[in-house]
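Heads up, coords_10.cif below (mmCIF, N, CA and C atoms):
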```
data_protein
#
loop_
_atom_site.label_atom_id
_atom_site.label_comp_id
_atom_site.auth_asym_id
_atom_site.auth_seq_id
_atom_site.Cartn_x
_atom_site.Cartn_y
_atom_site.Cartn_z
N MET Q 1 16.09 -14.16 -7.35
CA MET Q 1 15.44 -12.88 -7.59
C MET Q 1 15.29 -12.15 -6.25
N ARG Q 2 15.61 -10.89 -6.25
CA ARG Q 2 15.51 -10.06 -5.05
C ARG Q 2 14.12 -9.46 -4.93
N ASN Q 3 13.56 -9.54 -3.74
CA ASN Q 3 12.26 -8.94 -3.48
C ASN Q 3 12.43 -7.61 -2.78
N ASN Q 4 11.44 -6.76 -2.91
CA ASN Q 4 11.50 -5.42 -2.35
C ASN Q 4 10.25 -5.11 -1.54
N THR Q 5 10.36 -4.08 -0.72
CA THR Q 5 9.27 -3.65 0.15
C THR Q 5 8.91 -2.21 -0.15
N CYS Q 6 7.62 -1.91 -0.06
CA CYS Q 6 7.12 -0.55 -0.25
C CYS Q 6 6.35 -0.16 1.01
N CYS Q 7 6.58 1.06 1.48
CA CYS Q 7 5.92 1.57 2.67
C CYS Q 7 5.08 2.78 2.30
N PHE Q 8 3.83 2.80 2.74
CA PHE Q 8 2.93 3.92 2.48
C PHE Q 8 2.76 4.76 3.73
N PHE Q 9 2.85 6.06 3.58
CA PHE Q 9 2.47 6.97 4.65
C PHE Q 9 2.01 8.26 4.00
N GLY Q 10 1.00 8.87 4.58
CA GLY Q 10 0.47 10.06 3.95
C GLY Q 10 -0.42 10.85 4.88
N HIS Q 11 -1.15 11.76 4.29
CA HIS Q 11 -1.99 12.69 5.05
C HIS Q 11 -3.22 12.01 5.63
N ARG Q 12 -3.62 12.50 6.77
CA ARG Q 12 -4.81 11.98 7.45
C ARG Q 12 -6.04 12.14 6.57
N THR Q 13 -6.16 13.28 5.91
CA THR Q 13 -7.26 13.50 4.98
C THR Q 13 -6.68 13.79 3.60
N ILE Q 14 -7.37 13.33 2.57
CA ILE Q 14 -6.92 13.55 1.20
C ILE Q 14 -8.12 13.88 0.34
N ASN Q 15 -7.86 14.48 -0.80
CA ASN Q 15 -8.88 14.70 -1.82
C ASN Q 15 -8.92 13.45 -2.68
N GLU Q 16 -9.78 12.51 -2.30
CA GLU Q 16 -9.82 11.20 -2.93
C GLU Q 16 -10.62 11.25 -4.22
N THR Q 17 -9.91 11.24 -5.35
CA THR Q 17 -10.55 11.29 -6.65
C THR Q 17 -10.35 9.98 -7.39
N GLU Q 18 -11.14 9.77 -8.41
CA GLU Q 18 -10.98 8.58 -9.24
C GLU Q 18 -9.63 8.61 -9.94
N GLU Q 19 -9.20 9.79 -10.34
CA GLU Q 19 -7.89 9.95 -10.98
C GLU Q 19 -6.76 9.51 -10.04
N LEU Q 20 -6.85 9.90 -8.77
CA LEU Q 20 -5.86 9.49 -7.78
C LEU Q 20 -5.83 7.98 -7.63
N LYS Q 21 -7.00 7.37 -7.51
CA LYS Q 21 -7.08 5.91 -7.35
C LYS Q 21 -6.47 5.19 -8.55
N LEU Q 22 -6.79 5.65 -9.75
CA LEU Q 22 -6.25 5.02 -10.96
C LEU Q 22 -4.74 5.15 -11.04
N LYS Q 23 -4.22 6.32 -10.73
CA LYS Q 23 -2.77 6.54 -10.78
C LYS Q 23 -2.06 5.70 -9.73
N LEU Q 24 -2.58 5.68 -8.50
CA LEU Q 24 -1.98 4.85 -7.45
C LEU Q 24 -1.99 3.38 -7.83
N ASN Q 25 -3.10 2.92 -8.37
CA ASN Q 25 -3.22 1.52 -8.79
C ASN Q 25 -2.17 1.20 -9.85
N GLU Q 26 -2.01 2.10 -10.80
CA GLU Q 26 -1.01 1.93 -11.87
C GLU Q 26 0.41 1.85 -11.28
N ILE Q 27 0.72 2.73 -10.37
CA ILE Q 27 2.04 2.75 -9.75
C ILE Q 27 2.29 1.49 -8.93
N ILE Q 28 1.31 1.09 -8.13
CA ILE Q 28 1.46 -0.11 -7.30
C ILE Q 28 1.66 -1.35 -8.16
N GLU Q 29 0.88 -1.48 -9.22
CA GLU Q 29 1.03 -2.64 -10.08
C GLU Q 29 2.40 -2.63 -10.77
N LYS Q 30 2.86 -1.47 -11.16
CA LYS Q 30 4.19 -1.35 -11.77
C LYS Q 30 5.27 -1.77 -10.77
N LEU Q 31 5.11 -1.41 -9.50
CA LEU Q 31 6.07 -1.83 -8.48
C LEU Q 31 6.12 -3.35 -8.36
N ILE Q 32 4.95 -3.98 -8.41
CA ILE Q 32 4.88 -5.44 -8.30
C ILE Q 32 5.55 -6.10 -9.51
N VAL Q 33 5.19 -5.66 -10.69
CA VAL Q 33 5.64 -6.30 -11.92
C VAL Q 33 7.08 -5.95 -12.28
N ASP Q 34 7.42 -4.67 -12.23
CA ASP Q 34 8.72 -4.23 -12.73
C ASP Q 34 9.81 -4.14 -11.66
N GLU Q 35 9.43 -3.93 -10.41
CA GLU Q 35 10.41 -3.73 -9.35
C GLU Q 35 10.44 -4.87 -8.33
N ASN Q 36 9.68 -5.93 -8.58
CA ASN Q 36 9.64 -7.11 -7.70
C ASN Q 36 9.26 -6.77 -6.27
N VAL Q 37 8.40 -5.79 -6.09
CA VAL Q 37 7.90 -5.48 -4.75
C VAL Q 37 6.89 -6.56 -4.38
N ASP Q 38 7.11 -7.20 -3.24
CA ASP Q 38 6.20 -8.26 -2.81
C ASP Q 38 5.64 -8.01 -1.42
N THR Q 39 6.13 -6.98 -0.73
CA THR Q 39 5.67 -6.67 0.62
C THR Q 39 5.31 -5.20 0.70
N PHE Q 40 4.12 -4.93 1.23
CA PHE Q 40 3.62 -3.56 1.36
C PHE Q 40 3.32 -3.30 2.83
N LEU Q 41 3.87 -2.20 3.36
CA LEU Q 41 3.69 -1.82 4.76
C LEU Q 41 2.69 -0.68 4.85
N PHE Q 42 1.79 -0.77 5.83
CA PHE Q 42 0.73 0.22 6.01
C PHE Q 42 0.63 0.64 7.46
N GLY Q 43 0.37 1.92 7.66
CA GLY Q 43 0.01 2.42 8.98
C GLY Q 43 -1.51 2.46 9.07
N SER Q 44 -2.01 3.16 10.08
CA SER Q 44 -3.46 3.21 10.25
C SER Q 44 -3.95 4.60 10.62
N LYS Q 45 -3.13 5.59 10.43
CA LYS Q 45 -3.47 6.92 10.92
C LYS Q 45 -3.91 7.88 9.83
N SER Q 46 -4.02 7.41 8.58
CA SER Q 46 -4.39 8.34 7.52
C SER Q 46 -5.29 7.69 6.49
N ARG Q 47 -6.05 8.51 5.82
CA ARG Q 47 -6.91 8.02 4.74
C ARG Q 47 -6.05 7.54 3.58
N PHE Q 48 -4.89 8.19 3.37
CA PHE Q 48 -4.00 7.74 2.30
C PHE Q 48 -3.55 6.31 2.55
N ASP Q 49 -3.15 5.99 3.78
CA ASP Q 49 -2.75 4.62 4.12
C ASP Q 49 -3.89 3.65 3.82
N SER Q 50 -5.09 4.02 4.22
CA SER Q 50 -6.25 3.15 4.03
C SER Q 50 -6.56 2.94 2.55
N LEU Q 51 -6.45 4.01 1.77
CA LEU Q 51 -6.70 3.89 0.33
C LEU Q 51 -5.69 2.95 -0.30
N CYS Q 52 -4.42 3.11 0.04
CA CYS Q 52 -3.40 2.24 -0.52
C CYS Q 52 -3.62 0.79 -0.12
N LEU Q 53 -4.03 0.56 1.13
CA LEU Q 53 -4.35 -0.80 1.57
C LEU Q 53 -5.48 -1.38 0.74
N GLU Q 54 -6.50 -0.61 0.48
CA GLU Q 54 -7.63 -1.08 -0.34
C GLU Q 54 -7.15 -1.47 -1.74
N LEU Q 55 -6.30 -0.65 -2.34
CA LEU Q 55 -5.83 -0.92 -3.69
C LEU Q 55 -4.93 -2.15 -3.73
N VAL Q 56 -4.04 -2.28 -2.76
CA VAL Q 56 -3.16 -3.45 -2.71
C VAL Q 56 -3.99 -4.71 -2.46
N THR Q 57 -5.00 -4.62 -1.63
CA THR Q 57 -5.87 -5.77 -1.37
C THR Q 57 -6.56 -6.22 -2.65
N GLU Q 58 -7.02 -5.29 -3.45
CA GLU Q 58 -7.63 -5.64 -4.74
C GLU Q 58 -6.60 -6.30 -5.66
N LEU Q 59 -5.38 -5.77 -5.70
CA LEU Q 59 -4.34 -6.34 -6.55
C LEU Q 59 -3.87 -7.71 -6.05
N LYS Q 60 -4.07 -8.00 -4.77
CA LYS Q 60 -3.67 -9.30 -4.22
C LYS Q 60 -4.44 -10.44 -4.90
N GLU Q 61 -5.63 -10.16 -5.41
CA GLU Q 61 -6.37 -11.20 -6.14
C GLU Q 61 -5.62 -11.59 -7.42
N LYS Q 62 -4.99 -10.63 -8.05
CA LYS Q 62 -4.24 -10.87 -9.29
C LYS Q 62 -2.82 -11.37 -9.00
N TYR Q 63 -2.25 -10.89 -7.88
CA TYR Q 63 -0.89 -11.25 -7.48
C TYR Q 63 -0.93 -11.81 -6.06
N PRO Q 64 -1.34 -13.07 -5.90
CA PRO Q 64 -1.55 -13.62 -4.55
C PRO Q 64 -0.28 -13.75 -3.71
N HIS Q 65 0.87 -13.62 -4.31
CA HIS Q 65 2.12 -13.76 -3.56
C HIS Q 65 2.46 -12.51 -2.74
N ILE Q 66 1.81 -11.38 -3.01
CA ILE Q 66 2.17 -10.16 -2.28
C ILE Q 66 1.65 -10.22 -0.84
N LYS Q 67 2.37 -9.52 0.03
CA LYS Q 67 2.03 -9.51 1.45
C LYS Q 67 1.66 -8.10 1.89
N ARG Q 68 0.69 -8.01 2.79
CA ARG Q 68 0.28 -6.74 3.39
C ARG Q 68 0.61 -6.80 4.87
N VAL Q 69 1.34 -5.78 5.36
CA VAL Q 69 1.80 -5.79 6.74
C VAL Q 69 1.36 -4.49 7.41
N TYR Q 70 0.70 -4.63 8.55
CA TYR Q 70 0.30 -3.48 9.35
C TYR Q 70 1.47 -3.10 10.25
N VAL Q 71 1.84 -1.83 10.23
CA VAL Q 71 2.94 -1.34 11.08
C VAL Q 71 2.35 -0.39 12.11
N ARG Q 72 2.54 -0.74 13.35
CA ARG Q 72 2.03 0.10 14.44
C ARG Q 72 3.00 1.25 14.67
N ALA Q 73 2.47 2.43 14.84
CA ALA Q 73 3.29 3.63 14.95
C ALA Q 73 4.14 3.66 16.21
N GLU Q 74 3.63 3.14 17.29
CA GLU Q 74 4.36 3.21 18.55
C GLU Q 74 3.89 2.10 19.48
N LEU Q 75 4.76 1.70 20.38
CA LEU Q 75 4.39 0.72 21.39
C LEU Q 75 3.78 1.44 22.58
N ARG Q 76 2.80 0.83 23.17
CA ARG Q 76 2.22 1.39 24.40
C ARG Q 76 3.21 1.20 25.53
N ASN Q 77 3.22 2.13 26.46
CA ASN Q 77 4.07 1.98 27.65
C ASN Q 77 3.55 0.84 28.49
N LEU Q 78 4.44 -0.04 28.88
CA LEU Q 78 4.03 -1.19 29.69
C LEU Q 78 4.23 -0.92 31.16
#
```
Turn the structure described in the file into structure tokens.
Amino acid sequence: MRNNTCCFFGHRTINETEELKLKLNEIIEKLIVDENVDTFLFGSKSRFDSLCLELVTELKEKYPHIKRVYVRAELRNL
């Protein structure tokens, strides 16, 4: 079975409604179940990224095989 990855990126500020949370949760769960998505990538620069991380973290209780990966936007100059 082939596994897939999903990457979230979005606006720094969002109009966070219950409807948005429910729809995102529905889409994320569908990705896990129907599309074999097992890895989710998140940034840290937006509320949308944070919301998606929260929802995936909740779904991880139901689907413990999924992975959450933090992706850093840029490397610091050394």
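Proximity to Leu24 (chain Q) was assessed for Q:Leu55, Q:His11, Q:Asp38, Q:Ser46 counting all atoms listed in the file; the smallest distance is recorded for Q:Leu55.
For the point (5.5, -5.1, -5.7), the residues with an atom at a distance of at most 10 Å are Asn3, Asn4, Thr5, Cys6, Ile27, Ile28, Glu29, Lys30, Leu31, Ile32, Val33, Asp34, Glu35, Asn36, Val37, Asp38, Thr39, Phe40, Val56, Leu59, Tyr63, His65, Ile66 and Lys67 of chain Q, counting only C-alpha atoms.
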At what distance in Å, to one decimal, does CA of Lys23 (chain Q) lie from CA of Val71 (chain Q)?
23.9 Å
Could you tell me, as a list in words, which residues of region 5-49 of chain Q DSSP assigns to strand (DSSP E or B) when given the backbone?
Thr5, Cys6, Cys7, Val37, Asp38, Thr39, Phe40, Leu41 and Phe42 of chain Q
Between atom N of Glu54 (chain Q) and atom C of Arg72 (chain Q), what is the distance, to one decimal in Å?
17.2 Å
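All protein, DNA and RNA residues at most 6 Å from (3.1, -2.5, 9.3) are Leu41, Phe42, Gly43, Val69, Tyr70, Val71 and Arg72 of chain Q, using only C-alpha atoms.
Taking atom C of Lys45 (chain Q) as the reference point, atom C of Glu61 (chain Q) is found at 26.1 Å.
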Any chance you could resolve the PyMOL selection byres ((chain Q and resi 12) around 8) against this file and give the residues as a PyMOL selection string?
chain Q and resi 9-11+13-15+45-49
So that all listed atoms of region 38-43 of chain Q fit with 8 Å spare on each side, what axis-aligned box centre and edge lengths in Å, to one decimal, would you give as AutoDock Vina command-line options?
```
--center_x 2.8 --center_y -2.9 --center_z 2.9 --size_x 24.6 --size_y 26.7 --size_z 28.3
```
Of Q:Leu20, Q:Arg76, Q:Ser50, Q:Glu26, the one sitting nearest Phe8 (chain Q) when using only N, CA and C atoms is Q:Ser50
Please run DSSP on the backbone and report, as a ChimeraX atom specification, all residues within chain Q that come out as helix (DSSP H, G or I).
/Q:18-34,47-60
